[in-house]
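Novice: To be precise about what I am sending: the file is called start-v8.cif and holds mmCIF, C-alpha atoms.
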data_my_file
loop_
_atom_site.label_atom_id
_atom_site.label_comp_id
_atom_site.auth_asym_id
_atom_site.auth_seq_id
_atom_site.Cartn_x
_atom_site.Cartn_y
_atom_site.Cartn_z
CA MET A 1238 0.00 0.00 0.00
CA ARG A 1239 1.42 3.40 -1.00
CA PRO A 1240 2.01 5.95 1.76
CA LEU A 1241 -0.91 8.37 2.10
CA VAL A 1242 -0.89 12.04 3.07
CA LEU A 1243 -4.02 13.96 4.07
CA LYS A 1244 -2.66 17.39 3.33
CA GLY A 1245 -3.57 20.83 4.61
CA GLY A 1246 -6.54 20.07 6.85
CA ARG A 1247 -7.59 21.28 10.29
CA VAL A 1248 -6.82 18.23 12.44
CA VAL A 1249 -8.87 17.48 15.56
CA THR A 1250 -6.45 15.07 17.20
CA MET A 1251 -8.35 13.98 20.35
CA ASP A 1252 -4.88 13.34 21.80
CA PRO A 1253 -4.34 13.74 25.57
CA ARG A 1254 -3.94 17.52 25.12
CA ARG A 1255 -6.96 17.67 22.77
CA ARG A 1256 -4.91 19.63 20.26
CA ILE A 1257 -6.43 21.08 17.11
CA LEU A 1258 -3.72 21.59 14.50
CA ASP A 1259 -3.23 22.89 11.00
CA ALA A 1260 -1.29 19.87 9.85
CA ASP A 1261 -0.85 17.04 7.39
CA VAL A 1262 -1.48 13.45 8.47
CA THR A 1263 0.95 10.95 6.97
CA VAL A 1264 -0.05 7.28 6.87
CA ARG A 1265 2.22 4.32 6.17
CA ASP A 1266 1.43 0.60 6.41
CA GLY A 1267 -1.99 1.30 7.92
CA LYS A 1268 -0.65 3.45 10.77
CA ILE A 1269 -0.27 7.16 11.43
CA GLU A 1270 3.39 7.97 10.82
CA LYS A 1271 3.37 11.73 11.31
CA VAL A 1272 1.06 14.59 12.28
CA GLY A 1273 2.69 17.78 10.99
CA ARG A 1274 3.55 19.67 7.86
CA THR A 1275 5.20 17.82 4.98
CA ALA A 1276 7.17 19.54 2.24
CA GLY A 1277 6.08 19.20 -1.38
CA ARG A 1278 4.70 15.99 -2.82
CA PRO A 1279 7.29 13.22 -2.53
CA ASP A 1280 7.27 10.49 -5.16
CA GLY A 1281 5.34 7.35 -4.31
CA GLN A 1282 2.81 8.98 -1.99
CA THR A 1283 -0.92 9.31 -2.50
CA VAL A 1284 -1.96 12.83 -1.52
CA ILE A 1285 -5.50 13.90 -0.69
CA ASP A 1286 -5.97 17.66 -0.61
CA CYS A 1287 -7.77 18.53 2.66
CA LYS A 1288 -7.38 22.29 2.47
CA GLY A 1289 -10.49 23.88 4.02
CA LEU A 1290 -11.57 20.50 5.45
CA VAL A 1291 -11.57 19.07 8.98
CA VAL A 1292 -9.77 15.80 9.74
CA LEU A 1293 -11.22 13.78 12.63
CA PRO A 1294 -10.46 10.43 14.18
CA GLY A 1295 -12.82 7.96 12.53
CA LEU A 1296 -16.10 7.95 14.43
CA ILE A 1297 -16.89 4.80 16.41
CA GLN A 1298 -20.32 3.36 17.13
CA ALA A 1299 -20.31 0.75 19.87
CA HIS A 1300 -23.82 -0.66 19.47
CA ILE A 1301 -25.06 -1.63 16.01
CA HIS A 1302 -27.20 -4.46 14.58
CA LEU A 1303 -26.19 -4.78 10.93
CA CYS A 1304 -28.50 -7.78 10.51
CA GLN A 1305 -31.45 -5.44 11.09
CA THR A 1306 -30.65 -2.90 8.36
CA LEU A 1307 -33.15 -4.53 5.99
CA PHE A 1308 -35.89 -4.04 8.61
CA ARG A 1309 -35.74 -0.24 8.44
CA GLY A 1310 -39.26 1.20 8.51
CA LEU A 1311 -40.87 -2.17 9.25
CA ALA A 1312 -41.21 -1.84 13.03
CA ASP A 1313 -41.99 1.78 13.73
CA ASP A 1314 -43.97 3.25 16.63
CA LEU A 1315 -43.96 0.15 18.83
CA ALA A 1316 -42.85 -0.39 22.42
CA LEU A 1317 -39.69 -2.46 22.76
CA GLU A 1318 -41.32 -5.72 23.79
CA ALA A 1319 -43.89 -5.58 20.96
CA TRP A 1320 -41.21 -4.35 18.59
CA LEU A 1321 -39.19 -7.49 19.30
CA ALA A 1322 -41.98 -10.07 19.44
CA LYS A 1323 -44.11 -8.85 16.52
CA ARG A 1324 -41.48 -7.73 14.04
CA ILE A 1325 -37.78 -8.07 14.84
CA TRP A 1326 -37.61 -11.68 16.01
CA PRO A 1327 -39.79 -13.00 13.15
CA LEU A 1328 -37.72 -11.05 10.63
CA GLU A 1329 -34.43 -12.23 12.12
CA ALA A 1330 -35.66 -15.82 12.04
CA ALA A 1331 -36.46 -15.44 8.31
CA HIS A 1332 -32.91 -14.38 7.44
CA THR A 1333 -30.78 -16.42 5.07
CA GLU A 1334 -27.05 -16.17 4.48
CA GLU A 1335 -27.73 -13.97 1.47
CA SER A 1336 -30.05 -11.58 3.29
CA VAL A 1337 -27.65 -11.24 6.25
CA TYR A 1338 -24.83 -10.48 3.80
CA TRP A 1339 -26.72 -7.73 2.01
CA SER A 1340 -28.14 -6.32 5.24
CA ALA A 1341 -24.58 -5.98 6.53
CA MET A 1342 -23.39 -4.46 3.26
CA LEU A 1343 -26.19 -1.90 3.26
CA GLY A 1344 -25.55 -0.90 6.86
CA ALA A 1345 -21.79 -0.80 6.43
CA ALA A 1346 -22.10 1.39 3.33
CA GLU A 1347 -24.25 3.87 5.25
CA LEU A 1348 -21.81 3.87 8.15
CA LEU A 1349 -18.72 4.46 6.03
CA LEU A 1350 -20.33 7.18 3.92
CA GLY A 1351 -21.36 8.87 7.18
CA GLY A 1352 -17.88 8.86 8.68
CA THR A 1353 -18.15 5.87 11.02
CA THR A 1354 -15.01 3.75 10.70
CA ALA A 1355 -15.48 1.17 13.49
CA ILE A 1356 -18.41 -0.57 15.15
CA LEU A 1357 -19.35 -3.08 17.82
CA ASP A 1358 -21.99 -5.18 16.12
CA MET A 1359 -24.49 -7.78 17.37
CA GLU A 1360 -25.78 -10.06 14.64
CA THR A 1361 -28.73 -12.45 14.90
CA VAL A 1362 -28.60 -16.11 15.92
CA HIS A 1363 -27.97 -17.54 12.43
CA HIS A 1364 -25.59 -16.79 9.52
CA THR A 1365 -23.12 -14.51 11.35
CA GLY A 1366 -20.36 -15.70 9.03
CA ALA A 1367 -22.11 -13.97 6.13
CA ALA A 1368 -21.95 -10.64 7.98
CA PHE A 1369 -18.22 -11.09 8.53
CA GLU A 1370 -17.77 -11.79 4.83
CA ALA A 1371 -19.52 -8.52 4.02
CA LEU A 1372 -17.40 -6.61 6.53
CA GLU A 1373 -14.21 -8.13 5.19
CA SER A 1374 -15.18 -7.04 1.67
CA ILE A 1375 -16.37 -3.49 2.32
CA GLY A 1376 -13.52 -2.39 4.58
CA LEU A 1377 -15.25 -1.29 7.80
CA ARG A 1378 -13.48 -2.00 11.09
CA ALA A 1379 -15.80 -4.18 13.15
CA THR A 1380 -16.02 -6.29 16.24
CA ALA A 1381 -19.06 -8.51 15.69
CA GLY A 1382 -20.69 -11.53 17.25
CA LYS A 1383 -23.40 -14.12 16.86
CA CYS A 1384 -26.45 -13.40 19.03
CA LEU A 1385 -26.94 -15.96 21.81
CA MET A 1386 -30.47 -16.94 22.90
CA ASP A 1387 -30.81 -20.24 24.78
CA ALA A 1388 -33.50 -19.52 27.41
CA PRO A 1389 -36.81 -21.45 27.14
CA SER A 1390 -38.75 -18.18 26.90
CA ASN A 1391 -37.22 -17.32 23.51
CA PRO A 1392 -39.18 -17.88 20.29
CA LYS A 1393 -38.51 -21.38 18.97
CA SER A 1394 -37.22 -20.02 15.68
CA LEU A 1395 -34.28 -18.33 17.43
CA ARG A 1396 -33.75 -20.45 20.54
CA GLU A 1397 -30.70 -22.73 20.44
CA PRO A 1398 -29.37 -25.44 22.74
CA THR A 1399 -26.75 -23.96 25.04
CA ASP A 1400 -23.88 -26.19 23.90
CA ARG A 1401 -24.56 -25.63 20.22
CA ALA A 1402 -24.79 -21.85 20.63
CA LEU A 1403 -21.50 -21.75 22.53
CA GLN A 1404 -19.71 -24.04 20.10
CA GLU A 1405 -20.75 -22.02 17.06
CA SER A 1406 -19.61 -18.85 18.80
CA ALA A 1407 -16.27 -20.40 19.64
CA ASP A 1408 -15.85 -21.57 16.04
CA LEU A 1409 -16.66 -18.12 14.66
CA CYS A 1410 -14.22 -16.58 17.11
CA ALA A 1411 -11.49 -18.96 15.98
CA LYS A 1412 -12.08 -18.00 12.34
CA TRP A 1413 -12.67 -14.25 12.53
CA HIS A 1414 -11.02 -12.86 15.67
CA GLY A 1415 -8.07 -10.90 14.27
CA ALA A 1416 -8.97 -11.45 10.61
CA ALA A 1417 -8.25 -8.88 7.87
CA ASN A 1418 -4.98 -7.85 9.51
CA GLY A 1419 -6.77 -7.28 12.81
CA ARG A 1420 -9.51 -5.08 11.34
CA LEU A 1421 -12.13 -7.70 12.19
CA ARG A 1422 -12.58 -9.09 15.68
CA TYR A 1423 -15.10 -11.34 17.36
CA CYS A 1424 -17.25 -10.57 20.38
CA PHE A 1425 -19.49 -12.87 22.40
CA ALA A 1426 -23.00 -11.45 22.19
CA PRO A 1427 -25.70 -12.77 24.55
CA ARG A 1428 -28.80 -10.82 23.56
CA PHE A 1429 -29.77 -9.76 27.06
CA ALA A 1430 -30.11 -11.45 30.43
CA PRO A 1431 -33.75 -12.62 30.02
CA SER A 1432 -32.91 -14.41 26.75
CA CYS A 1433 -29.99 -16.40 28.19
CA THR A 1434 -29.51 -19.03 30.86
CA GLY A 1435 -27.04 -18.60 33.68
CA PRO A 1436 -24.80 -21.42 32.45
CA LEU A 1437 -24.54 -19.79 29.01
CA LEU A 1438 -23.65 -16.39 30.48
CA ARG A 1439 -20.98 -17.89 32.73
CA ALA A 1440 -19.53 -19.84 29.81
CA VAL A 1441 -19.47 -16.66 27.68
CA SER A 1442 -17.41 -14.92 30.33
CA ASP A 1443 -14.88 -17.76 30.33
CA LEU A 1444 -14.72 -17.98 26.52
CA ALA A 1445 -14.21 -14.23 26.14
CA GLU A 1446 -11.46 -14.23 28.76
CA ARG A 1447 -9.60 -17.06 27.04
CA ALA A 1448 -9.94 -15.52 23.57
CA GLY A 1449 -9.18 -11.93 24.59
CA ALA A 1450 -12.56 -10.93 23.18
CA MET A 1451 -15.24 -8.44 24.17
CA ILE A 1452 -18.70 -9.30 25.51
CA HIS A 1453 -21.51 -7.24 23.98
CA THR A 1454 -25.04 -7.32 25.39
CA HIS A 1455 -28.05 -5.17 26.29
CA ALA A 1456 -28.83 -4.12 29.86
CA ALA A 1457 -31.35 -2.04 31.80
CA GLU A 1458 -33.15 -0.83 28.67
CA THR A 1459 -36.69 -0.90 30.14
CA PRO A 1460 -38.33 -1.34 33.57
CA LEU A 1461 -39.92 -4.58 32.34
CA GLU A 1462 -36.47 -6.00 31.60
CA LEU A 1463 -35.34 -5.20 35.15
CA GLN A 1464 -38.48 -6.80 36.54
CA MET A 1465 -37.96 -9.98 34.47
CA VAL A 1466 -34.39 -10.39 35.70
CA LYS A 1467 -35.41 -9.75 39.30
CA GLN A 1468 -38.17 -12.37 39.12
CA GLU A 1469 -35.93 -14.92 37.43
CA THR A 1470 -32.74 -14.48 39.46
CA GLY A 1471 -33.68 -12.53 42.58
CA ASN A 1472 -31.02 -9.98 41.69
CA ASP A 1473 -30.76 -6.50 40.26
CA GLU A 1474 -29.76 -6.88 36.60
CA LEU A 1475 -26.33 -5.27 36.88
CA ALA A 1476 -25.56 -7.30 40.00
CA TYR A 1477 -26.67 -10.46 38.21
CA LEU A 1478 -24.52 -9.77 35.17
CA ASP A 1479 -21.57 -9.13 37.48
CA SER A 1480 -22.21 -12.44 39.25
CA VAL A 1481 -21.91 -14.37 35.98
CA GLY A 1482 -18.78 -12.50 34.91
CA ILE A 1483 -20.25 -9.96 32.48
CA SER A 1484 -18.73 -6.76 33.79
CA GLY A 1485 -15.47 -4.86 33.69
CA PRO A 1486 -13.42 -3.47 30.79
CA ARG A 1487 -14.14 -6.51 28.59
CA ALA A 1488 -17.92 -5.92 28.73
CA ALA A 1489 -20.00 -3.40 26.76
CA LEU A 1490 -23.58 -2.93 27.97
CA ALA A 1491 -25.90 -1.17 25.53
CA HIS A 1492 -28.48 1.32 26.82
CA CYS A 1493 -28.34 1.28 30.68
CA VAL A 1494 -31.29 3.67 30.73
CA TRP A 1495 -32.77 2.42 34.00
CA VAL A 1496 -29.81 2.48 36.37
CA ASP A 1497 -29.91 4.16 39.77
CA GLY A 1498 -27.14 5.78 41.77
CA GLU A 1499 -25.90 2.48 43.14
CA GLY A 1500 -25.88 0.98 39.67
CA ILE A 1501 -23.84 3.90 38.36
CA LYS A 1502 -21.31 3.45 41.16
CA ARG A 1503 -21.12 -0.25 40.34
CA LEU A 1504 -20.47 0.40 36.64
CA ALA A 1505 -17.77 2.95 37.47
CA ARG A 1506 -16.11 0.67 40.00
CA GLN A 1507 -16.06 -2.23 37.54
CA GLY A 1508 -14.82 -0.21 34.58
CA THR A 1509 -17.71 -1.66 32.56
CA ASN A 1510 -18.39 0.10 29.24
CA VAL A 1511 -21.82 1.66 28.78
CA VAL A 1512 -23.06 2.36 25.25
CA HIS A 1513 -25.50 5.25 25.03
CA CYS A 1514 -28.08 4.96 22.20
CA PRO A 1515 -30.05 8.20 22.47
CA SER A 1516 -32.14 8.08 19.28
CA SER A 1517 -33.12 4.45 19.81
CA ASN A 1518 -34.07 5.10 23.43
CA LEU A 1519 -36.26 8.03 22.35
CA LYS A 1520 -37.91 6.24 19.42
CA LEU A 1521 -38.79 3.15 21.46
CA GLY A 1522 -39.85 5.30 24.41
CA SER A 1523 -37.34 3.60 26.69
CA GLY A 1524 -36.19 6.79 28.40
CA ILE A 1525 -33.06 8.90 28.75
CA ALA A 1526 -29.93 7.30 30.14
CA PRO A 1527 -28.28 9.27 32.99
CA VAL A 1528 -25.09 9.81 31.01
CA PRO A 1529 -23.87 12.99 32.76
CA GLU A 1530 -24.19 11.25 36.12
CA MET A 1531 -22.31 8.25 34.73
CA LEU A 1532 -19.49 10.40 33.41
CA ALA A 1533 -19.28 12.33 36.68
CA ALA A 1534 -18.92 9.03 38.53
CA GLY A 1535 -16.12 7.92 36.23
CA CYS A 1536 -18.03 5.48 34.02
CA HIS A 1537 -16.72 4.58 30.58
CA VAL A 1538 -19.34 5.67 28.03
CA ALA A 1539 -19.53 5.21 24.26
CA ILE A 1540 -22.26 5.95 21.73
CA GLY A 1541 -24.18 4.00 19.08
CA ALA A 1542 -27.15 4.26 16.74
CA ASP A 1543 -28.45 0.73 17.57
CA GLY A 1544 -30.29 -0.89 14.63
CA ALA A 1545 -32.01 0.68 11.64
CA PRO A 1546 -35.55 -0.36 12.73
CA CYS A 1547 -35.29 1.43 16.11
CA ASN A 1548 -33.52 4.52 14.81
CA ASN A 1549 -33.91 4.56 11.02
CA ARG A 1550 -30.45 6.10 10.63
CA LEU A 1551 -26.96 4.83 11.42
CA ASP A 1552 -25.63 8.38 11.69
CA ALA A 1553 -22.94 9.15 14.28
CA PHE A 1554 -23.38 12.91 13.85
CA GLU A 1555 -27.09 12.61 14.63
CA GLU A 1556 -26.31 10.52 17.72
CA MET A 1557 -23.80 13.07 18.98
CA ARG A 1558 -26.21 15.96 18.55
CA THR A 1559 -29.10 14.07 20.15
CA ALA A 1560 -26.97 12.86 23.05
CA ALA A 1561 -25.97 16.43 23.84
CA LEU A 1562 -29.46 17.91 23.53
CA ILE A 1563 -31.61 15.45 25.46
CA GLN A 1564 -29.81 15.96 28.77
CA LYS A 1565 -30.21 19.74 28.81
CA PRO A 1566 -33.93 20.01 29.77
CA ARG A 1567 -33.24 17.60 32.63
CA LEU A 1568 -29.93 18.94 33.99
CA GLY A 1569 -29.32 22.30 32.36
CA PRO A 1570 -27.52 23.55 29.24
CA GLU A 1571 -24.04 22.77 30.56
CA SER A 1572 -24.81 19.13 31.40
CA LEU A 1573 -23.19 17.39 28.42
CA PRO A 1574 -21.01 19.80 26.42
CA ALA A 1575 -19.93 19.23 22.85
CA ALA A 1576 -16.33 18.32 23.66
CA GLN A 1577 -17.47 15.57 26.01
CA VAL A 1578 -19.87 14.18 23.41
CA LEU A 1579 -17.13 14.01 20.77
CA GLU A 1580 -15.13 11.93 23.25
CA LEU A 1581 -18.01 9.43 23.45
CA ALA A 1582 -17.89 8.96 19.67
CA THR A 1583 -14.11 8.57 19.47
CA LEU A 1584 -12.14 7.63 22.58
CA GLY A 1585 -15.16 6.17 24.37
CA GLY A 1586 -15.98 3.98 21.41
CA ALA A 1587 -12.39 2.82 21.11
CA ARG A 1588 -12.43 1.75 24.75
CA ALA A 1589 -15.73 -0.12 24.30
CA LEU A 1590 -14.18 -2.12 21.46
CA GLY A 1591 -11.09 -2.83 23.57
CA LEU A 1592 -9.04 -0.85 21.05
CA GLU A 1593 -8.14 2.33 22.94
CA ALA A 1594 -4.45 1.77 22.20
CA GLU A 1595 -5.14 1.50 18.45
CA ILE A 1596 -7.91 3.91 17.42
CA GLY A 1597 -9.96 6.86 18.71
CA SER A 1598 -7.42 9.65 18.26
CA ILE A 1599 -4.99 10.94 15.66
CA GLU A 1600 -1.62 10.08 17.16
CA VAL A 1601 1.59 8.65 15.77
CA GLY A 1602 1.56 4.86 15.96
CA LYS A 1603 -2.21 4.44 16.03
CA ARG A 1604 -4.15 2.77 13.22
CA ALA A 1605 -5.09 5.20 10.46
CA ASP A 1606 -8.88 5.41 10.85
CA LEU A 1607 -9.75 8.93 9.72
CA THR A 1608 -12.82 10.91 8.69
CA VAL A 1609 -12.60 14.15 6.69
CA ILE A 1610 -15.56 16.53 6.71
CA ASP A 1611 -16.46 19.73 4.87
CA LEU A 1612 -18.11 22.36 7.08
CA ASP A 1613 -18.46 24.98 4.35
CA GLY A 1614 -22.23 24.49 4.03
CA PRO A 1615 -24.51 27.22 5.37
CA HIS A 1616 -25.70 24.93 8.18
CA ALA A 1617 -22.17 24.87 9.69
CA GLN A 1618 -21.19 28.51 9.20
CA PRO A 1619 -19.72 30.92 10.22
CA ASP A 1620 -16.35 29.25 10.10
CA GLU A 1621 -15.01 31.23 13.06
CA ALA A 1622 -17.47 29.56 15.43
CA ASP A 1623 -16.12 26.97 17.85
CA LEU A 1624 -14.99 24.00 15.77
CA ILE A 1625 -16.03 21.26 18.21
CA SER A 1626 -19.49 22.79 18.56
CA ARG A 1627 -19.82 22.90 14.78
CA ILE A 1628 -18.90 19.21 14.56
CA VAL A 1629 -21.32 18.07 17.29
CA TYR A 1630 -24.28 20.42 16.82
CA SER A 1631 -24.12 21.34 13.11
CA ALA A 1632 -22.33 18.68 11.07
CA ARG A 1633 -24.21 16.05 9.09
CA ALA A 1634 -23.32 12.69 7.61
CA ALA A 1635 -23.62 14.33 4.20
CA ASP A 1636 -20.65 16.56 5.11
CA VAL A 1637 -18.26 13.58 4.98
CA ARG A 1638 -15.85 13.82 2.05
CA HIS A 1639 -13.15 11.21 2.66
CA VAL A 1640 -12.84 8.19 4.95
CA VAL A 1641 -9.77 6.08 5.67
CA VAL A 1642 -9.87 2.74 7.51
CA ASP A 1643 -6.63 0.98 8.44
CA GLY A 1644 -4.79 3.24 6.02
CA ARG A 1645 -7.06 2.39 3.08
CA VAL A 1646 -9.16 5.09 1.40
CA VAL A 1647 -12.68 3.65 1.51
CA VAL A 1648 -14.59 6.87 0.71
CA LYS A 1649 -13.19 9.51 -1.64
CA ASP A 1650 -15.03 12.72 -2.51
CA GLY A 1651 -18.18 11.29 -0.97
CA VAL A 1652 -18.09 8.12 -3.08
CA LEU A 1653 -17.74 4.63 -1.61
CA LYS A 1654 -14.68 3.03 -3.22
CA THR A 1655 -14.91 -0.52 -1.86
CA ALA A 1656 -18.31 -1.51 -3.26
CA LYS A 1657 -20.94 -0.26 -5.70
CA VAL A 1658 -23.75 1.43 -3.80
CA GLU A 1659 -26.25 0.82 -6.60
CA GLU A 1660 -25.50 -2.92 -6.52
CA ILE A 1661 -25.94 -2.95 -2.72
CA ARG A 1662 -29.19 -1.03 -2.95
CA ARG A 1663 -30.63 -3.33 -5.60
CA ALA A 1664 -29.67 -6.58 -3.83
CA ALA A 1665 -30.70 -5.30 -0.39
CA ASN A 1666 -34.14 -4.27 -1.64
CA ALA A 1667 -34.67 -7.68 -3.22
CA GLN A 1668 -33.80 -9.39 0.06
CA ALA A 1669 -35.98 -6.99 2.07
CA ARG A 1670 -38.96 -7.82 -0.14
CA ARG A 1671 -38.37 -11.52 0.43
CA LEU A 1672 -38.20 -11.05 4.20
CA ARG A 1673 -41.44 -9.06 4.26
CA ARG A 1674 -43.21 -11.79 2.31
CA ALA A 1675 -41.79 -14.47 4.62
CA VAL A 1676 -43.27 -12.88 7.74
CA GLY A 1677 -46.43 -11.49 6.14
CA ILE A 1678 -45.75 -7.77 6.46
#
Show me the file's structure as structure tokens.
Specialist:
Amino acid sequence: MRPLVLKGGRVVTMDPRRRILDADVTVRDGKIEKVGRTAGRPDGQTVIDCKGLVVLPGLIQAHIHLCQTLFRGLADDLALEAWLAKRIWPLEAAHTEESVYWSAMLGAAELLLGGTTAILDMETVHHTGAAFEALESIGLRATAGKCLMDAPSNPKSLREPTDRALQESADLCAKWHGAANGRLRYCFAPRFAPSCTGPLLRAVSDLAERAGAMIHTHAAETPLELQMVKQETGNDELAYLDSVGISGPRAALAHCVWVDGEGIKRLARQGTNVVHCPSSNLKLGSGIAPVPEMLAAGCHVAIGADGAPCNNRLDAFEEMRTAALIQKPRLGPESLPAAQVLELATLGGARALGLEAEIGSIEVGKRADLTVIDLDGPHAQPDEADLISRIVYSARAADVRHVVVDGRVVVKDGVLKTAKVEEIRRAANAQARRLRRAVGI
């Protein structure tokens, strides 16, 4: 791969000093080699002119369901439990390898074109290998896992015997964890506590520890979920997850809307990663996660769009803006400032993927995951306004011009370079029509 120089941009480093520099970013062998001015245009380098543009660390979304991208618009205006039982679980059960592949391709294309370079992804129970094949092809950085659902209360179409679910997960981990030069990793993904037996959850903790993999699950999304766990186990949900080994830096818990002060202290003490999904929580009516209180207590927080049918967009800029705004009526206008929100979408996401030493900031030696945006549009002007505020409150996915993942240019001048969007759109629509027919929607 030829060395790459992003030349002449305004670089938001997110380094420990949070420097914003007028600098070039030089990339060699997939890593950032230099952040600083380069002279001329040396032979053998690919140069992208970023004059007038803003260079960011690639945005990271730590809770995504690529398998659900084809369900966009098919499960709107429903409460979570009905949303799952009436639409999402039947649609997931109807998936084939081909539909999972194109669902992942469609979602990944949207993510890359919108400046997201890395995700933590939970697939459905079946055909997770097809999602990995899509991710390998399109060039997104992803940590993904097969969804685990072995409890008797699960729908028969998705419920699996415990041993079989664990063995398939272990096999997928052996094949994909560290694939594509480390760009792809595996995570163990129990859906949420009510869908899994205690033995499965304890085994997941052991498997993840041995493999050096993350655990990705949902927690405390609704009061009903808390009630179900309490009735089944006699424990508070966070305490129960801790008791089976799903806590600490290797765990990422999506949502955590319904956590009290003691729960927040527990999460902070453990170093467990929380993934805030503001648009999903609003659309499903789940509530507003106490993110400022979590951050004040020292919790590790990331951000994510969740799935297309409970958000309708996979847009990191929209999630940043929403995350900042929804806390202000509750706690005041200073409660979650723009700079803190940008950290959730960069450094916080890197930590939730277990990759804080590799991505999340623009620093020499880190992997070259970079997003370049154009803030010249009227919606992001004047250009003398605070740059971080413009990124968080004004920028849009459509402002993304170039995207680099692992040193490879995957979006150039707003065009996806690793796949043909028209081909993805056509194939994804054909598979979506088949799924709708299969479940009678």
Novice: Using the chain letters and numbering of this document, enumerate as an MDAnalysis selection string the residues selected by the PyMOL selection byres ((chain A and resi 1275) around 10).
Specialist: chainID A and resid 1242 1244:1245 1260:1263 1271:1274 1276:1279
Novice: Of the residues A:Ala1664, A:Ala1367, A:Ala1445, A:Ala1545, which is the one nearest to Leu1311 of chain A, using only C-alpha atoms?
Specialist: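 Looking at the shortest contact to Leu1311 of chain A, the residue is A:Ala1545.
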Novice: Please evaluate the PyMOL selection byres ((chain A and resi 1363) around 8) against the structure above and give the resulting residues as a VMD selection string.
Specialist: chain A and resid 1330 1332 to 1333 1361 to 1362 1364 to 1365 1383 to 1384
Novice: Pick out the closest residue to Gly1435 of chain A from this set: A:Ala1448, A:Ala1665, A:Asp1400, A:Val1481. Count only C-alpha atoms.
Specialist: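 Ranked by minimum distance to Gly1435 of chain A, first place goes to A:Val1481.
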Novice: Atom CA of Thr1454 of chain A to atom CA of Ala1489 of chain A: how many Å, to one decimal?
Specialist: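 Separation of atom CA of Thr1454 of chain A and atom CA of Ala1489 of chain A: 6.5 Å.
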Novice: Between atom CA of Gln1298 of chain A and atom CA of Asp1387 of chain A, what is the distance in Å, rounded to a tenth?
Specialist: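 These two atoms are separated by 26.9 Å.
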Novice: Arg1627 of chain A: which residues within 12 Å, counting only C-alpha atoms, same-chain residues fewer than 4 positions away excluded, as a PyMOL selection string?
Specialist: chain A and resi 1291+1554+1557-1558+1575-1576+1579+1610-1623+1631-1633+1636
Novice: Evaluated on this file, the PyMOL selection byres ((chain A and resi 1593) around 12) picks out some residues - which ones are they, written as an MDAnalysis selection string?
Specialist: chainID A and resid 1251:1252 1297 1486 1537 1539 1580 1583:1592 1594:1600 1603:1604
Novice: Neighbours of Ser1523 of chain A within 7 Å (all atoms listed in the file; same-chain residues fewer than 3 positions away dropped), as a compact mmCIF listing (two decimals) with C-alpha atoms, in the coordinates of the input?
Specialist:
# COMPACT_ATOMS: atom_id res chain seq x y z
CA GLU A 1458 -33.15 -0.83 28.67
CA THR A 1459 -36.69 -0.90 30.14
CA ASN A 1518 -34.07 5.10 23.43
CA LEU A 1519 -36.26 8.03 22.35
Novice: For Leu1532 of chain A, which residue out of A:Arg1254, A:Arg1673, A:Lys1467, A:Lys1502 is the nearest one, using all atoms listed in the file?
Specialist: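 The shortest atom-to-atom distance to Leu1532 of chain A comes from A:Lys1502.
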Novice: May I ask for the distance between atom CA of Leu1328 of chain A and atom CA of Arg1309 of chain A, given in Å to one decimal place?
Specialist: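 Computed distance, atom CA of Leu1328 of chain A to atom CA of Arg1309 of chain A, equals 11.2 Å.
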Novice: Can you pull out every residue within 12 Å of Asp1650 of chain A, counting only C-alpha atoms, but drop anything in the same chain fewer than 5 positions away, and send it as a PyMOL selection string?
Specialist: chain A and resi 1285-1287+1290+1350+1608-1611+1635-1641
Novice: Measuring between only C-alpha atoms, which one of A:Gly1471, A:Pro1392, A:Pro1574, A:Gly1382 shows the shortest distance to Ala1322 of chain A?
Specialist: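 Among the listed residues, the smallest separation from Ala1322 of chain A belongs to A:Pro1392.
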Novice: Using all atoms listed in the file for the distances, tell me which of A:Ala1533, A:Ala1319, A:Ile1325, A:Val1646 is nearest to Val1676 of chain A.
Specialist: A:Ile1325
Novice: Let me make sure I understand: among A:Pro1240, A:Pro1570, A:Gly1351, A:Pro1546, which one has the smallest atom-to-atom distance to Leu1315 of chain A if we use all atoms listed in the file?
Specialist: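 The answer is A:Pro1546, which sits nearest to Leu1315 of chain A.
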Novice: If we count all atoms listed in the file and set the cut-off at 8 Å, which residues sit around Leu1573 of chain A, ignoring sequence neighbours fewer than 4 positions away in its own chain? Please answer as a PyMOL selection string.
Specialist: chain A and resi 1529+1560-1562+1564-1565+1577-1578
Novice: Those residues with C-alpha atoms, as a PDB file, in the coordinates of the input please?
Specialist:
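See out_17.pdb below for the written result:
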ATOM      1  CA  PRO A1529     -23.870  12.990  32.760  1.00  0.00           C
ATOM      2  CA  ALA A1560     -26.970  12.860  23.050  1.00  0.00           C
ATOM      3  CA  ALA A1561     -25.970  16.430  23.840  1.00  0.00           C
ATOM      4  CA  LEU A1562     -29.460  17.910  23.530  1.00  0.00           C
ATOM      5  CA  GLN A1564     -29.810  15.960  28.770  1.00  0.00           C
ATOM      6  CA  LYS A1565     -30.210  19.740  28.810  1.00  0.00           C
ATOM      7  CA  GLN A1577     -17.470  15.570  26.010  1.00  0.00           C
ATOM      8  CA  VAL A1578     -19.870  14.180  23.410  1.00  0.00           C
TER       9      VAL A1578
END
Novice: Around the point (-27.1, 9.3, 41.4) (coordinates from the file), which residues reach within 8 Å if we count only C-alpha atoms? Answer as a list in words.
Specialist: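 Using only C-alpha atoms, the matching residues come out as Asp1497, Gly1498, Glu1499, Ile1501 and Glu1530 of chain A.
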